[in-house]
>>> print(open('final_18.csv').read())   # CSV, C-alpha atoms
chain,number,residue,atom,x,y,z
A,1,MET,CA,73.7,99.3,51.9
A,2,THR,CA,72.5,101.8,54.5
A,3,GLU,CA,71.1,105.2,53.6
A,4,GLN,CA,74.0,106.9,55.3
A,5,ALA,CA,76.6,104.9,53.4
A,6,LEU,CA,74.8,105.7,50.1
A,7,PHE,CA,74.8,109.4,50.9
A,8,ILE,CA,78.5,109.2,51.7
A,9,LEU,CA,79.3,107.6,48.4
A,10,ALA,CA,77.1,110.2,46.6
A,11,SER,CA,78.9,113.0,48.3
A,12,LEU,CA,82.3,111.6,47.2
A,13,ALA,CA,81.1,111.1,43.6
A,14,LEU,CA,82.2,114.7,42.8
A,15,GLY,CA,85.7,114.3,44.1
A,16,GLU,CA,87.7,113.8,47.3
A,17,LEU,CA,86.4,115.3,50.5
A,18,HIS,CA,87.4,115.3,54.2
A,19,GLY,CA,85.2,114.0,57.0
A,20,TYR,CA,83.7,117.4,57.9
A,21,GLY,CA,83.1,118.2,54.2
A,22,ILE,CA,81.3,114.9,53.7
A,23,ALA,CA,79.0,115.5,56.8
A,24,ARG,CA,78.1,119.0,55.4
A,25,ASP,CA,77.5,117.7,51.9
A,26,VAL,CA,75.4,114.8,53.1
A,27,GLU,CA,73.2,117.2,55.1
A,28,GLU,CA,72.8,119.4,52.2
A,29,LEU,CA,72.2,116.6,49.7
A,30,SER,CA,69.5,115.0,51.9
A,31,GLY,CA,67.8,118.3,52.6
A,32,GLY,CA,68.8,118.3,56.3
A,33,ARG,CA,67.3,114.8,56.8
A,34,VAL,CA,70.6,112.9,57.3
A,35,ARG,CA,72.9,114.6,59.8
A,36,LEU,CA,76.1,112.6,60.4
A,37,THR,CA,77.9,112.8,63.7
A,38,ALA,CA,81.6,112.1,64.1
A,39,GLY,CA,81.1,108.6,65.5
A,40,THR,CA,78.6,107.6,62.8
A,41,LEU,CA,80.7,109.0,60.0
A,42,TYR,CA,83.9,107.4,61.3
A,43,GLY,CA,82.3,104.0,61.6
A,44,ALA,CA,80.7,104.3,58.1
A,45,LEU,CA,83.9,105.4,56.5
A,46,ASN,CA,85.8,102.6,58.1
A,47,ARG,CA,83.3,100.0,56.8
A,48,LEU,CA,83.3,101.5,53.3
A,49,THR,CA,87.1,101.5,53.3
A,50,ALA,CA,87.2,97.9,54.4
A,51,ASP,CA,84.7,97.0,51.6
A,52,GLY,CA,87.0,98.7,49.1
A,53,LEU,CA,84.4,101.3,48.1
A,54,VAL,CA,86.2,104.3,49.5
A,55,THR,CA,89.9,105.0,50.0
A,56,GLN,CA,91.9,107.5,52.0
A,57,SER,CA,93.7,109.9,49.7
A,58,ARG,CA,95.7,112.3,51.9
A,59,GLU,CA,95.8,114.2,55.2
A,60,ASP,CA,96.5,117.7,56.1
A,61,VAL,CA,96.2,120.0,59.2
A,62,VAL,CA,93.8,123.0,59.1
A,63,ALA,CA,93.6,125.3,62.1
A,64,GLY,CA,95.4,122.7,64.2
A,65,ARG,CA,92.9,120.0,63.2
A,66,ARG,CA,93.9,116.9,61.3
A,67,ARG,CA,91.8,116.3,58.2
A,68,ARG,CA,91.7,113.1,56.4
A,69,TYR,CA,90.5,113.1,52.8
A,70,TYR,CA,88.6,110.3,51.2
A,71,ARG,CA,87.8,109.5,47.6
A,72,LEU,CA,85.6,106.9,45.8
A,73,THR,CA,87.2,103.8,44.3
A,74,ALA,CA,86.1,102.3,41.0
A,75,ALA,CA,84.2,99.7,43.0
A,76,GLY,CA,82.6,102.5,45.0
A,77,GLN,CA,81.5,104.2,41.7
A,78,THR,CA,80.0,100.9,40.5
A,79,ALA,CA,78.2,100.3,43.8
A,80,LEU,CA,76.8,103.8,43.8
A,81,ALA,CA,75.6,103.4,40.2
A,82,ASP,CA,74.1,100.0,41.0
A,83,GLU,CA,72.3,101.1,44.1
A,84,THR,CA,71.0,104.2,42.4
A,85,ALA,CA,69.6,102.1,39.5
A,86,ARG,CA,68.1,99.7,42.0
A,87,LEU,CA,66.4,102.5,43.9
A,88,ARG,CA,65.2,104.1,40.7
A,89,SER,CA,63.6,100.8,39.5
A,90,LEU,CA,62.0,100.4,43.0
A,91,ALA,CA,60.7,103.9,42.9
A,92,THR,CA,59.2,103.3,39.4
A,93,ALA,CA,57.5,100.1,40.5
A,94,LEU,CA,56.1,101.6,43.7
A,95,GLY,CA,55.2,104.9,42.0
A,96,SER,CA,53.0,103.2,39.5
A,97,ARG,CA,50.8,102.2,42.4
A,98,SER,CA,50.9,105.2,44.6
A,99,GLY,CA,47.9,107.6,44.3
A,100,VAL,CA,45.9,104.9,42.4
A,101,ARG,CA,42.4,104.3,43.7
A,102,PRO,CA,41.7,100.6,44.4
A,103,ASN,CA,39.4,99.1,41.7
A,104,ARG,CA,39.5,95.5,42.7
A,105,LYS,CA,36.5,94.1,44.4
A,106,PRO,CA,37.2,92.6,47.8
A,107,ARG,CA,37.3,88.9,47.6
A,108,LEU,CA,34.7,87.0,49.5
A,109,ALA,CA,36.1,84.4,51.9
B,1,MET,CA,80.6,126.2,76.7
B,2,SER,CA,84.1,127.4,76.0
B,3,ALA,CA,86.2,125.8,73.2
B,4,ARG,CA,88.6,124.4,75.7
B,5,THR,CA,85.9,122.7,77.8
B,6,ARG,CA,84.3,121.3,74.6
B,7,ARG,CA,87.6,119.9,73.5
B,8,ARG,CA,88.2,118.3,76.8
B,9,LEU,CA,84.7,116.8,76.9
B,10,LEU,CA,85.1,115.3,73.4
B,11,ALA,CA,88.6,114.0,74.3
B,12,LEU,CA,87.1,112.3,77.4
B,13,CYS,CA,84.3,110.7,75.2
B,14,LEU,CA,87.0,109.5,72.8
B,15,LEU,CA,88.2,107.2,75.6
B,16,ALA,CA,85.2,105.0,74.8
B,17,TYR,CA,87.2,103.8,71.7
B,18,PRO,CA,89.8,101.0,72.1
B,19,ARG,CA,93.3,102.2,72.6
B,20,ALA,CA,94.4,101.0,69.2
B,21,VAL,CA,91.8,103.0,67.5
B,22,ARG,CA,92.7,106.1,69.5
B,23,ARG,CA,96.3,105.7,68.7
B,24,ARG,CA,95.6,105.3,65.0
B,25,ASP,CA,92.7,107.7,64.4
B,26,GLY,CA,92.3,109.7,67.7
B,27,ASP,CA,93.6,113.0,66.3
B,28,HIS,CA,91.5,112.8,63.2
B,29,LEU,CA,88.4,111.7,65.1
B,30,ALA,CA,88.8,114.4,67.7
B,31,GLY,CA,89.3,117.1,65.0
B,32,LEU,CA,86.2,115.9,63.2
B,33,ALA,CA,84.1,115.8,66.3
B,34,GLN,CA,85.2,119.4,67.2
B,35,GLU,CA,84.3,120.7,63.8
B,36,LEU,CA,80.9,119.0,63.8
B,37,ALA,CA,80.2,120.1,67.4
B,38,GLU,CA,80.4,123.7,66.3
B,39,ARG,CA,77.5,123.0,64.0
B,40,SER,CA,75.4,120.4,65.6
B,41,GLY,CA,76.2,120.8,69.3
B,42,VAL,CA,78.6,119.2,71.6
B,43,GLY,CA,76.1,116.9,73.3
B,44,ARG,CA,75.2,115.2,70.1
B,45,GLU,CA,78.8,114.7,69.1
B,46,ALA,CA,79.8,113.5,72.6
B,47,PHE,CA,77.0,110.9,72.6
B,48,SER,CA,78.0,109.7,69.1
B,49,LEU,CA,81.6,109.3,70.2
B,50,VAL,CA,80.6,107.2,73.2
B,51,CYS,CA,78.2,105.1,71.2
B,52,GLY,CA,80.8,104.6,68.4
B,53,GLY,CA,83.5,103.7,70.9
B,54,LEU,CA,81.3,101.2,72.6
B,55,VAL,CA,80.4,99.6,69.2
B,56,ALA,CA,84.1,99.5,68.3
B,57,ARG,CA,84.9,97.8,71.6
B,58,ALA,CA,82.0,95.3,71.2
B,59,ALA,CA,83.3,94.5,67.7
B,60,GLY,CA,86.8,93.9,69.1
B,61,ILE,CA,85.4,91.6,71.9
B,62,ARG,CA,83.3,89.7,69.4
B,63,ARG,CA,86.3,89.2,67.2
B,64,TRP,CA,88.3,87.9,70.2
B,65,ALA,CA,85.4,85.8,71.3
B,66,LEU,CA,85.3,84.2,67.9
B,67,VAL,CA,89.0,83.5,68.0
B,68,GLY,CA,88.6,82.0,71.5
B,69,ILE,CA,85.7,79.8,70.5
B,70,GLY,CA,87.6,78.7,67.4
B,71,ALA,CA,90.7,77.8,69.5
B,72,ILE,CA,88.6,75.9,72.1
B,73,THR,CA,86.8,74.0,69.3
B,74,VAL,CA,90.1,73.0,67.6
B,75,THR,CA,91.6,72.0,70.9
B,76,ALA,CA,88.6,69.9,71.9
B,77,LEU,CA,88.5,68.2,68.5
B,78,THR,CA,92.3,67.5,68.7
B,79,ALA,CA,91.9,66.2,72.3
B,80,GLY,CA,89.0,64.0,71.2
B,81,PHE,CA,90.9,62.6,68.3
B,82,VAL,CA,93.9,61.9,70.4
B,83,ALA,CA,91.8,60.3,73.1
B,84,ALA,CA,89.9,58.3,70.5
B,85,GLN,CA,93.3,57.0,69.2
B,86,GLY,CA,94.4,56.2,72.8
B,87,VAL,CA,91.4,54.1,73.7
B,88,ALA,CA,91.1,52.4,70.3
B,89,VAL,CA,91.1,48.6,70.8
B,90,ARG,CA,92.4,46.4,68.1
B,91,VAL,CA,91.3,42.7,68.2
B,92,GLU,CA,92.8,39.9,66.3
B,93,VAL,CA,91.1,36.4,66.3
B,94,GLN,CA,92.6,33.2,65.0
B,95,SER,CA,91.0,29.8,65.4
B,96,CYS,CA,92.5,26.4,64.9
B,97,SER,CA,92.0,22.7,65.4
B,98,ASP,CA,94.5,19.9,66.2
B,99,ARG,CA,97.9,20.4,64.7
B,100,GLU,CA,97.3,23.9,63.3
B,101,CYS,CA,97.0,25.1,66.8
B,102,ARG,CA,100.7,25.1,67.3
B,103,ALA,CA,101.2,27.7,64.7
B,104,VAL,CA,98.4,29.8,66.1
B,105,ALA,CA,99.8,29.5,69.6
B,106,ALA,CA,103.1,30.7,68.3
B,107,TRP,CA,101.4,33.6,66.6
B,108,ALA,CA,99.6,34.5,69.8
B,109,ALA,CA,102.9,34.2,71.8
B,110,GLY,CA,104.6,36.5,69.3
B,111,LEU,CA,101.8,39.1,69.7
B,112,GLU,CA,102.1,38.9,73.5
B,113,ARG,CA,105.7,39.8,73.3
B,114,THR,CA,104.8,43.0,71.5
B,115,GLY,CA,102.3,44.2,74.1
B,116,TRP,CA,99.1,42.3,73.1
B,117,ARG,CA,97.0,40.3,75.5
B,118,CYS,CA,95.8,37.0,74.2
B,119,ASP,CA,93.1,34.7,75.6
B,120,GLN,CA,92.6,31.2,74.5
B,121,ARG,CA,89.1,29.9,74.2
B,122,SER,CA,88.1,26.4,73.5
B,123,SER,CA,84.9,25.1,72.1
B,124,GLY,CA,84.9,21.4,71.6
B,125,GLU,CA,87.8,20.6,69.2
B,126,ASP,CA,88.1,24.1,68.1
B,127,VAL,CA,90.4,26.5,69.8
B,128,ALA,CA,90.3,30.3,69.3
B,129,TRP,CA,92.8,32.9,70.3
B,130,GLN,CA,91.6,36.4,70.8
B,131,CYS,CA,94.3,39.0,71.1
B,132,THR,CA,93.5,42.5,72.2
B,133,ARG,CA,95.6,45.6,72.2
B,134,SER,CA,94.5,49.0,73.5
>>> encode(input="final_18.csv", output="C-alpha cells")
Amino acid sequence: MTEQALFILASLALGELHGYGIARDVEELSGGRVRLTAGTLYGALNRLTADGLVTQSREDVVAGRRRRYYRLTAAGQTALADETARLRSLATALGSRSGVRPNRKPRLA
Amino acid sequence: MSARTRRRLLALCLLAYPRAVRRRDGDHLAGLAQELAERSGVGREAFSLVCGGLVARAAGIRRWALVGIGAITVTALTAGFVAAQGVAVRVEVQSCSDRECRAVAAWAAGLERTGWRCDQRSSGEDVAWQCTRS
C-alpha cells in the first residue's frame, strides 16, 4: 500500500469526508509532507474503492461545487490496522539498531 | 488569475481524462481541483489533472490492448486447431496374401467410395493396401 493510500485510509478512520476534506486532513496528519492534488487523490480514491477499502457514501453541492463523500469499509479498517501494525513492528525492529554504535570487528577477507 | 480563468484552465486540463470518466466524475473532479487550487495553486492542480488524465487514458489503452491480444490469441489458436484438423491425414493399412486379398480389396474399394485413396503395394506373395484420407 502506498503512503498516500495509507494516509487517505487514516483520514477516513474518524468518519466520512469529501475529497477536499481528505486532502486537508492528510496534509495536517502528515505535518505538511503529503499534499494531495486532485488528480492524485481521485486516482487513489478510485483504486481504494475498487479494492473495496473505501466506499462512496453521498454527494452534495456546496457553493456550486459537487462534493462526494467517502467512508472506510470494514475491509478498509482491517487494512489500516494491519498496515499500522506492520509499520509499528518495522519501526521497532529498525529502531533497535538506529543510534547504536557498531561493535563488531570487521571481518578479514 | 481570476476565478473564471482558473476554472476554465482546470476544465481544459480535465480534457486529458477519457470521455467516460469526464461524463461520470467530471463535475466532482473539477470541483475538487478548484477547491484545492485555492490552497495549493492552479499550476500544481492543472499539472496533476493532465497527468492523472493521461494515466487514466493509458490504463484504458492497456485494457483494450489486453483484450485485443487475448482475442488475437484465441483466434490464432482456433485457426490453428481448425487447420490442424483440416490437414490431418488418416492412414489405414491392410495386408493380405492369396485368397484373403479379395476381402481386403473389397475393403479398400469400399473406402475409396467414401473419399479415401488406396494404393496397392506388392512384396513377393504379400499384398498391402494403404488407404489415406486427408
>>> closest_residue(input="final_18.csv", among="B:Ala20, B:Ala79, B:Arg8, B:Asp27", to="Val42 in chain B", atoms="only C-alpha atoms")
B:Arg8
>>> residues_around(input="final_18.csv", residues="range 119-130 of chain B", least_positions_apart="5", cutoff="8 Å", atoms="all atoms listed in the file", output="PyMOL selection string")
chain B and resi 91-98+101+104-105+108
>>> residues_around(input="final_18.csv", residues="range 28-30 of chain B", least_positions_apart="5", cutoff="8 Å", atoms="all atoms listed in the file", output="list in words")
Ala38, Gly39, Tyr42, Arg65, Arg66, Arg67 and Arg68 of chain A; Leu10, Ala11 and Leu14 of chain B
>>> interface_residues(input="final_18.csv", of="chain B", to="chain A", cutoff="7 Å", atoms="only C-alpha atoms", output="PDB file with C-alpha atoms, in the frame of the given file")
ATOM      1  CA  ASP B  27      93.600 113.000  66.300  1.00  0.00           C
ATOM      2  CA  HIS B  28      91.500 112.800  63.200  1.00  0.00           C
ATOM      3  CA  LEU B  29      88.400 111.700  65.100  1.00  0.00           C
ATOM      4  CA  GLY B  31      89.300 117.100  65.000  1.00  0.00           C
ATOM      5  CA  LEU B  32      86.200 115.900  63.200  1.00  0.00           C
ATOM      6  CA  ALA B  33      84.100 115.800  66.300  1.00  0.00           C
ATOM      7  CA  GLU B  35      84.300 120.700  63.800  1.00  0.00           C
ATOM      8  CA  LEU B  36      80.900 119.000  63.800  1.00  0.00           C
ATOM      9  CA  GLU B  45      78.800 114.700  69.100  1.00  0.00           C
ATOM     10  CA  SER B  48      78.000 109.700  69.100  1.00  0.00           C
ATOM     11  CA  LEU B  49      81.600 109.300  70.200  1.00  0.00           C
ATOM     12  CA  GLY B  52      80.800 104.600  68.400  1.00  0.00           C
TER      13      GLY B  52
END
>>> residues_around(input="final_18.csv", residues="Cys51 in chain B", least_positions_apart="4", cutoff="9 Å", atoms="all atoms listed in the file", output="VMD selection string")
(chain A and resid 39 to 40) or (chain B and resid 16 46 to 47 55 to 56)
>>> residues_around(input="final_18.csv", residues="Leu29 in chain A", least_positions_apart="3", cutoff="12 Å", atoms="all atoms listed in the file", output="VMD selection string")
chain A and resid 4 6 to 12 21 to 26 32 to 35
>>> atom_distance(input="final_18.csv", atom1="CA of Thr73 in chain A", atom2="CA of Gly52 in chain A")
7.0 Å
>>> atom_distance(input="final_18.csv", atom1="CA of Thr78 in chain A", atom2="CA of Ala13 in chain A")
10.7 Å
>>> closest_residue(input="final_18.csv", among="A:Glu28, A:Leu80, A:Tyr70, A:Arg58", to="Asn46 in chain A", atoms="all atoms listed in the file")
A:Tyr70
>>> atom_distance(input="final_18.csv", atom1="CA of Gln77 in chain A", atom2="CA of Val54 in chain A")
9.1 Å
>>> residues_near_point(input="final_18.csv", point="(69.0, 102.1, 46.0)", cutoff="12 Å", atoms="all atoms listed in the file", output="JSON, numbers by chain")
{"A": [1, 2, 3, 4, 5, 6, 7, 9, 10, 79, 80, 81, 82, 83, 84, 85, 86, 87, 88, 89, 90, 91, 92]}
>>> closest_residue(input="final_18.csv", among="B:Leu12, B:Glu38, B:Arg44, B:Thr5", to="Gly26 in chain B", atoms="only C-alpha atoms")
B:Leu12
>>> residues_near_point(input="final_18.csv", point="(98.8, 42.8, 70.1)", cutoff="9 Å", atoms="only C-alpha atoms", output="mmCIF file with C-alpha atoms, in the frame of the given file")
data_model
loop_
_atom_site.group_PDB
_atom_site.id
_atom_site.type_symbol
_atom_site.label_atom_id
_atom_site.label_comp_id
_atom_site.auth_asym_id
_atom_site.auth_seq_id
_atom_site.Cartn_x
_atom_site.Cartn_y
_atom_site.Cartn_z
ATOM 1 C CA ARG B 90 92.400 46.400 68.100
ATOM 2 C CA VAL B 91 91.300 42.700 68.200
ATOM 3 C CA GLU B 92 92.800 39.900 66.300
ATOM 4 C CA ALA B 108 99.600 34.500 69.800
ATOM 5 C CA GLY B 110 104.600 36.500 69.300
ATOM 6 C CA LEU B 111 101.800 39.100 69.700
ATOM 7 C CA GLU B 112 102.100 38.900 73.500
ATOM 8 C CA ARG B 113 105.700 39.800 73.300
ATOM 9 C CA THR B 114 104.800 43.000 71.500
ATOM 10 C CA GLY B 115 102.300 44.200 74.100
ATOM 11 C CA TRP B 116 99.100 42.300 73.100
ATOM 12 C CA ARG B 117 97.000 40.300 75.500
ATOM 13 C CA CYS B 118 95.800 37.000 74.200
ATOM 14 C CA CYS B 131 94.300 39.000 71.100
ATOM 15 C CA THR B 132 93.500 42.500 72.200
ATOM 16 C CA ARG B 133 95.600 45.600 72.200
ATOM 17 C CA SER B 134 94.500 49.000 73.500
#
>>> closest_residue(input="final_18.csv", among="A:Leu53, A:Ser30, A:Asn103, A:Ala93", to="Arg71 in chain A", atoms="all atoms listed in the file")
A:Leu53
>>> decode(input="final_18.csv", residues="chain A", atoms="C-alpha atoms", output="compact mmCIF listing (two decimals), in the first residue's frame")
# COMPACT_ATOMS: atom_id res chain seq x y z
CA MET A 1 0.00 0.00 0.00
CA THR A 2 1.34 3.43 -0.91
CA GLU A 3 1.93 6.10 1.69
CA GLN A 4 -0.77 8.28 0.13
CA ALA A 5 -3.32 5.48 0.26
CA LEU A 6 -2.45 4.80 3.89
CA PHE A 7 -2.91 8.46 4.80
CA ILE A 8 -6.26 8.54 3.00
CA LEU A 9 -7.43 5.49 4.96
CA ALA A 10 -6.20 7.11 8.16
CA SER A 11 -8.05 10.33 7.41
CA LEU A 12 -11.28 8.39 6.87
CA ALA A 13 -10.82 6.44 10.10
CA LEU A 14 -12.65 9.16 12.07
CA GLY A 15 -15.67 9.22 9.76
CA GLU A 16 -16.83 10.16 6.28
CA LEU A 17 -15.13 13.01 4.45
CA HIS A 18 -15.27 14.61 1.00
CA GLY A 19 -12.27 14.83 -1.32
CA TYR A 20 -11.20 18.31 -0.27
CA GLY A 21 -11.57 17.38 3.40
CA ILE A 22 -9.40 14.30 2.89
CA ALA A 23 -6.69 16.36 1.16
CA ARG A 24 -6.66 18.88 4.02
CA ASP A 25 -6.67 16.20 6.71
CA VAL A 26 -3.86 14.24 5.06
CA GLU A 27 -1.74 17.39 4.84
CA GLU A 28 -2.33 18.10 8.51
CA LEU A 29 -1.82 14.49 9.59
CA SER A 30 1.48 14.24 7.74
CA GLY A 31 2.74 17.57 9.02
CA GLY A 32 2.55 19.09 5.53
CA ARG A 33 4.70 16.36 4.00
CA VAL A 34 1.94 14.72 1.93
CA ARG A 35 0.00 17.21 -0.17
CA LEU A 36 -2.55 15.55 -2.39
CA THR A 37 -3.63 17.11 -5.67
CA ALA A 38 -6.98 16.47 -7.34
CA GLY A 39 -5.54 14.05 -9.91
CA THR A 40 -3.62 12.04 -7.33
CA LEU A 41 -6.49 11.97 -4.84
CA TYR A 42 -9.02 10.98 -7.47
CA GLY A 43 -6.83 8.12 -8.73
CA ALA A 44 -6.07 6.88 -5.22
CA LEU A 45 -9.73 7.00 -4.15
CA ASN A 46 -10.74 5.11 -7.28
CA ARG A 47 -8.19 2.38 -6.57
CA LEU A 48 -9.21 2.13 -2.90
CA THR A 49 -12.87 1.96 -3.94
CA ALA A 50 -12.11 -0.75 -6.49
CA ASP A 51 -10.23 -2.69 -3.79
CA GLY A 52 -13.26 -2.43 -1.50
CA LEU A 53 -11.39 -0.47 1.19
CA VAL A 54 -13.36 2.74 0.71
CA THR A 55 -16.90 3.41 -0.44
CA GLN A 56 -18.80 6.48 -1.61
CA SER A 57 -21.42 7.45 0.90
CA ARG A 58 -23.22 10.51 -0.53
CA GLU A 59 -22.93 13.63 -2.64
CA ASP A 60 -23.95 17.19 -2.09
CA VAL A 61 -23.40 20.59 -3.69
CA VAL A 62 -21.62 23.32 -1.70
CA ALA A 63 -21.15 26.76 -3.26
CA GLY A 64 -21.94 25.31 -6.69
CA ARG A 65 -19.33 22.56 -6.33
CA ARG A 66 -20.20 18.91 -6.23
CA ARG A 67 -18.74 17.14 -3.24
CA ARG A 68 -18.57 13.40 -2.96
CA TYR A 69 -18.21 11.84 0.45
CA TYR A 70 -16.24 8.69 1.18
CA ARG A 71 -16.09 6.39 4.16
CA LEU A 72 -13.99 3.45 5.23
CA THR A 73 -15.38 -0.06 4.78
CA ALA A 74 -14.78 -2.90 7.24
CA ALA A 75 -12.08 -4.20 4.92
CA GLY A 76 -10.54 -0.73 4.90
CA GLN A 77 -10.47 -0.60 8.70
CA THR A 78 -8.79 -4.01 8.78
CA ALA A 79 -6.27 -2.96 6.12
CA LEU A 80 -5.45 0.21 8.05
CA ALA A 81 -4.99 -1.73 11.30
CA ASP A 82 -2.84 -4.39 9.59
CA GLU A 83 -0.66 -1.83 7.84
CA THR A 84 -0.24 0.21 11.03
CA ALA A 85 0.78 -2.93 12.95
CA ARG A 86 3.23 -3.86 10.20
CA LEU A 87 4.82 -0.40 10.21
CA ARG A 88 4.97 -0.40 14.02
CA SER A 89 6.78 -3.72 14.04
CA LEU A 90 9.11 -2.50 11.30
CA ALA A 91 9.83 0.68 13.23
CA THR A 92 10.56 -1.35 16.39
CA ALA A 93 12.95 -3.63 14.54
CA LEU A 94 14.78 -0.79 12.83
CA GLY A 95 14.66 1.45 15.91
CA SER A 96 16.58 -1.10 17.95
CA ARG A 97 19.51 -0.59 15.60
CA SER A 98 19.40 3.13 14.98
CA GLY A 99 21.80 5.19 17.05
CA VAL A 100 23.72 2.09 18.09
CA ARG A 101 27.48 2.26 17.61
CA PRO A 102 28.91 -0.66 15.71
CA ASN A 103 30.82 -3.05 18.00
CA ARG A 104 31.54 -5.87 15.60
CA LYS A 105 35.04 -6.15 14.36
CA PRO A 106 35.32 -6.01 10.62
CA ARG A 107 35.78 -9.43 9.11
CA LEU A 108 39.01 -10.12 7.37
CA ALA A 109 38.66 -11.38 3.86
